[in-house]
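Have a look at input.cif; it's mmCIF, C-alpha atoms:
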```cif
data_start
#
loop_
_atom_site.label_atom_id
_atom_site.label_comp_id
_atom_site.auth_asym_id
_atom_site.auth_seq_id
_atom_site.Cartn_x
_atom_site.Cartn_y
_atom_site.Cartn_z
CA MET U 681 -7.54 -0.68 9.94
CA VAL U 682 -4.91 -1.92 7.51
CA HIS U 683 -4.58 0.39 4.52
CA HIS U 684 -4.61 -1.40 1.17
CA SER U 685 -1.47 0.41 0.03
CA ASN U 686 0.46 -1.21 2.93
CA LEU U 687 -0.51 -4.79 2.10
CA PRO U 688 2.24 -7.32 1.52
CA LYS U 689 2.13 -9.19 -1.80
CA GLN U 690 -0.97 -11.36 -1.74
CA PRO U 691 -0.65 -15.06 -2.51
CA SER U 692 -3.08 -16.95 -4.72
CA ILE U 693 -6.14 -18.53 -3.14
CA ALA U 694 -4.55 -21.97 -3.59
CA VAL U 695 -1.43 -20.90 -1.67
CA SER U 696 -3.54 -19.40 1.14
CA TYR U 697 -5.67 -22.55 1.27
CA TRP U 698 -2.52 -24.66 1.56
CA ASN U 699 -0.94 -22.41 4.20
CA VAL U 700 -4.08 -22.41 6.33
CA GLY U 701 -4.39 -26.19 6.35
CA LYS U 702 -0.95 -27.64 5.64
CA LEU U 703 -0.94 -29.50 8.95
CA LEU U 704 -4.29 -31.01 8.06
CA TYR U 705 -3.12 -31.97 4.58
CA GLY U 706 -0.17 -33.82 6.09
CA ALA U 707 -2.69 -35.78 8.16
CA LEU U 708 -4.76 -36.31 5.01
CA LEU U 709 -1.81 -37.95 3.29
CA LEU U 710 -1.33 -40.25 6.28
CA PHE U 711 -5.01 -41.23 6.30
CA ILE U 712 -4.88 -42.00 2.59
CA LEU U 713 -1.81 -44.19 3.10
CA GLU U 714 -3.43 -45.88 6.11
CA THR U 715 -6.58 -46.53 4.12
CA LEU U 716 -4.56 -48.19 1.38
CA TYR U 717 -2.69 -50.33 3.90
CA TYR U 718 -5.86 -51.29 5.77
CA SER U 719 -7.64 -52.18 2.54
CA ILE U 720 -4.84 -54.61 1.70
CA GLU U 721 -4.97 -56.13 5.20
CA PHE U 722 -8.77 -56.32 5.09
CA THR U 723 -8.74 -58.05 1.69
CA TYR U 724 -6.19 -60.57 2.92
CA ALA U 725 -8.18 -61.20 6.13
CA TYR U 726 -11.43 -61.55 4.19
CA HIS U 727 -9.96 -64.32 2.06
CA ASN U 728 -7.69 -66.04 4.59
CA GLN U 729 -8.60 -65.34 8.22
CA ASN U 730 -11.35 -65.72 10.79
CA LEU U 731 -14.17 -63.28 11.51
CA ALA U 732 -12.30 -61.49 14.34
CA PHE U 733 -9.47 -60.45 12.00
CA ILE U 734 -11.92 -59.51 9.26
CA LEU U 735 -13.84 -57.25 11.66
CA PHE U 736 -10.66 -55.75 13.09
CA TRP U 737 -9.28 -54.78 9.67
CA LEU U 738 -12.70 -53.59 8.51
CA TRP U 739 -12.95 -51.30 11.56
CA CYS U 740 -9.43 -49.92 10.87
CA LEU U 741 -10.29 -49.39 7.21
CA LEU U 742 -13.56 -47.57 7.94
CA PHE U 743 -11.96 -45.43 10.65
CA SER U 744 -9.13 -44.32 8.38
CA PHE U 745 -11.32 -43.86 5.30
CA SER U 746 -13.85 -41.71 7.17
CA HIS U 747 -11.03 -39.49 8.45
CA ILE U 748 -10.10 -38.57 4.89
CA PHE U 749 -13.42 -36.75 4.61
CA LEU U 750 -13.25 -35.29 8.11
CA VAL U 751 -9.83 -33.78 7.39
CA LEU U 752 -11.09 -32.32 4.10
CA MET U 753 -14.09 -30.80 5.88
CA ASP U 754 -11.85 -29.45 8.66
CA GLY U 755 -9.60 -27.82 6.04
CA TRP U 756 -12.65 -26.24 4.40
CA SER U 757 -13.85 -24.88 7.75
CA ARG U 758 -10.46 -23.44 8.66
CA PHE U 759 -10.31 -21.69 5.27
CA GLN U 760 -13.73 -20.11 5.85
CA GLU U 761 -12.47 -18.87 9.22
CA TYR U 762 -9.30 -17.56 7.60
CA LYS U 763 -11.35 -15.45 5.14
CA ARG U 764 -13.57 -14.11 7.92
CA ILE U 765 -10.56 -13.30 10.15
CA LYS U 766 -8.70 -11.65 7.29
CA ASP U 767 -11.63 -9.34 6.57
CA TYR U 768 -11.99 -8.50 10.24
CA LEU U 769 -8.28 -7.77 10.70
CA PHE U 770 -8.25 -5.70 7.52
CA GLN U 771 -11.18 -3.60 8.72
CA HIS U 772 -10.18 -3.23 12.37
CA GLY U 773 -6.48 -4.02 12.60
CA PHE U 774 -5.04 -6.30 15.25
CA ASN U 775 -7.51 -6.92 18.06
CA PRO U 776 -6.69 -9.35 20.91
CA LYS U 777 -10.40 -10.06 21.39
CA ILE U 778 -10.83 -11.59 17.92
CA VAL U 779 -7.47 -13.36 17.94
CA SER U 780 -8.15 -14.92 21.36
CA HIS U 781 -11.39 -16.41 20.01
CA TYR U 782 -9.23 -18.70 17.82
CA GLN U 783 -6.51 -19.61 20.35
CA GLY U 784 -7.87 -23.01 21.35
CA SER U 785 -6.77 -25.06 18.35
CA LYS U 786 -3.55 -25.26 16.34
CA CYS U 787 -5.54 -25.34 13.10
CA GLN U 788 -7.50 -22.22 14.02
CA ARG U 789 -4.30 -20.44 15.06
CA MET U 790 -2.82 -21.35 11.68
CA ALA U 791 -5.82 -19.71 9.99
CA VAL U 792 -5.33 -16.57 12.09
CA MET U 793 -1.58 -16.52 11.46
CA GLU U 794 -2.02 -16.83 7.70
CA ALA U 795 -4.59 -14.02 7.62
CA ALA U 796 -2.33 -11.86 9.79
CA ARG U 797 0.76 -12.66 7.69
CA GLU U 798 -1.03 -11.66 4.51
CA LEU U 799 -1.98 -8.33 6.11
CA GLY U 800 1.39 -7.59 7.67
CA LEU U 801 0.10 -8.21 11.22
CA GLU U 802 1.92 -11.47 11.92
CA LYS U 803 4.28 -10.05 14.57
CA GLU U 804 1.39 -8.68 16.67
CA VAL U 805 -0.48 -11.99 16.57
CA LYS U 806 2.66 -14.03 17.35
CA ARG U 807 3.48 -11.75 20.28
CA TYR U 808 -0.06 -12.05 21.59
CA TYR U 809 -0.08 -15.86 21.42
CA GLN U 810 3.35 -15.98 23.08
CA LYS U 811 2.03 -13.73 25.83
CA LEU U 812 -0.77 -16.25 26.39
CA GLY U 813 1.84 -19.01 26.72
CA ILE U 814 0.90 -20.78 23.49
CA LYS U 815 3.83 -22.68 22.00
CA TRP U 816 4.36 -24.05 18.49
CA PHE U 817 3.93 -27.61 19.77
CA HIS U 818 0.47 -27.05 21.31
CA PHE U 819 -1.42 -29.25 18.85
CA ILE U 820 -4.22 -30.76 20.93
CA PRO U 821 -7.21 -28.40 20.94
CA VAL U 822 -8.07 -27.02 24.37
CA PHE U 823 -11.71 -28.08 24.05
CA MET U 824 -10.63 -31.74 23.79
CA ILE U 825 -8.91 -31.49 27.16
CA LYS U 826 -11.66 -29.46 28.86
CA ASP U 827 -14.52 -31.59 27.53
CA PRO U 828 -13.59 -35.25 26.93
CA LEU U 829 -17.08 -35.88 25.52
CA PHE U 830 -16.59 -33.19 22.85
CA ILE U 831 -17.29 -35.67 20.06
CA LEU U 832 -20.91 -35.88 21.23
CA LYS U 833 -21.43 -32.11 21.17
CA LYS U 834 -23.08 -30.16 18.36
CA TYR U 835 -20.59 -27.26 18.69
CA PHE U 836 -17.73 -29.60 17.84
CA TRP U 837 -19.31 -30.91 14.65
CA SER U 838 -20.66 -27.58 13.42
CA ARG U 839 -17.56 -25.52 14.18
CA THR U 840 -15.01 -28.13 13.14
CA PHE U 841 -16.49 -29.62 10.00
CA MET U 842 -19.50 -27.63 8.83
CA GLU U 843 -18.46 -23.99 8.74
CA LYS U 844 -20.66 -22.13 6.26
CA TYR U 845 -19.17 -20.62 3.14
CA TYR U 846 -17.85 -17.12 3.79
CA GLU U 847 -17.75 -14.64 0.93
CA PRO U 848 -14.80 -12.27 1.47
CA LYS U 849 -15.74 -8.60 1.62
CA PHE U 850 -12.57 -7.45 -0.11
CA ASP U 851 -10.52 -8.48 -3.13
CA TYR U 852 -7.03 -8.22 -1.68
CA ARG U 853 -5.29 -9.15 -4.91
CA GLN U 854 -7.14 -6.28 -6.61
CA PHE U 855 -5.78 -3.90 -3.95
CA GLN U 856 -2.33 -5.13 -4.93
CA LYS U 857 -2.94 -4.14 -8.58
CA ILE U 858 -4.21 -0.69 -7.55
CA SER U 859 -1.20 0.12 -5.39
CA THR U 860 1.40 -0.88 -8.05
#
```
Whole structure given in structure tokens:
Amino acid sequence: MVHHSNLPKQPSIAVSYWNVGKLLYGALLLFILETLYYSIEFTYAYHNQNLAFILFWLWCLLFSFSHIFLVLMDGWSRFQEYKRIKDYLFQHGFNPKIVSHYQGSKCQRMAVMEAARELGLEKEVKRYYQKLGIKWFHFIPVFMIKDPLFILKKYFWSRTFMEKYYEPKFDYRQFQKIST
């Protein structure tokens, strides 16, 4: 268990939300820019080109536009995991069993790392992931490699985009006020 008097300074919820999903929010910016570009191309094709070009640019536009919402939902889900992980690590301390549950995806590892950093457990988690051979550049989730038909599976949609709201059990910022 992490004692509340040993907690590092706790960031605001907005900072934690950003830190958990900053990789996703970079992708979000790209999808917004792509959507703008594709909308221009689609509009031009609609007024000046044949049906094949119109359909091509429409497909690109819809693909990019839909990813804006998927990235937002993914960020929401990772933040719910972050809160759950943070409570667990606070109550039980570093535990390889819980940390290994989130090793398969860069975004999930970022949620774990942020929770661990905010509790002063970052070194233990980093060491554990290094021991497993996970590198900073391992971006593609393991489940995508193991199961190429992942997009058709319920577990992918529910775990990636539809994580239920998690109410934290502790007010870490309040602990900060008590210990100062």
Minimum-distance residue to U:Met842, chosen among U:Ile814, U:Leu750, U:Leu704, U:Leu687 (using all atoms listed in the file):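 Once distances to U:Met842 are computed over all atoms listed in the file, the minimum belongs to U:Leu750.
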I would like the residues chosen by the PyMOL selection byres ((chain U and resi 797) around 12) on the shown file; could you give them as an MDAnalysis selection string? chainID U and resid 687:691 696 699:700 762 765:766 769:770 774 789:796 798:806
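Nearest residue to U:Asp754, choosing from U:Gly813, U:Pro821, U:Gly701, U:Pro848 and counting only C-alpha atoms: U:Gly701.
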Report as JSON, numbers by chain the residues that result from applying the PyMOL selection byres ((chain U and resi 749) around 12) to the structure here. {"U": [704, 705, 707, 708, 709, 711, 712, 715, 742, 743, 744, 745, 746, 747, 748, 750, 751, 752, 753, 754, 755, 756, 841, 842]}
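Put simply, atom CA of U:Pro776 is 9.3 Å away from atom CA of U:Tyr809.
Shortest separation to U:Phe759 among U:Ala732, U:Ile825, U:Val695, U:Val682 occurs at residue U:Val695, atoms counted being only C-alpha atoms.
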Output the residue selection produced by the PyMOL selection byres ((chain U and resi 717) around 12) on the file above, formatted as a list in words. Leu710, Phe711, Ile712, Leu713, Glu714, Thr715, Leu716, Tyr718, Ser719, Ile720, Glu721, Phe722, Thr723, Tyr724, Trp737, Leu738, Cys740, Leu741, Leu742, Ser744 and Phe745 of chain U
In Å, rounded to a single decimal, give me how far atom CA of U:Glu847 is from atom CA of U:Gly784. 24.2 Å
Residue among U:Ser692, U:Asn686, U:Gln729, U:Ser757 lying closest to U:Glu843, counting all atoms listed in the file: U:Ser757
Interatomic distance between atom CA of U:Arg764 and atom CA of U:Gln783? 15.3 Å
Among U:Ser780, U:Ser838, U:Phe830, U:Phe733, U:Gln810 is approached most closely, using all atoms listed in the file, by U:Ser780
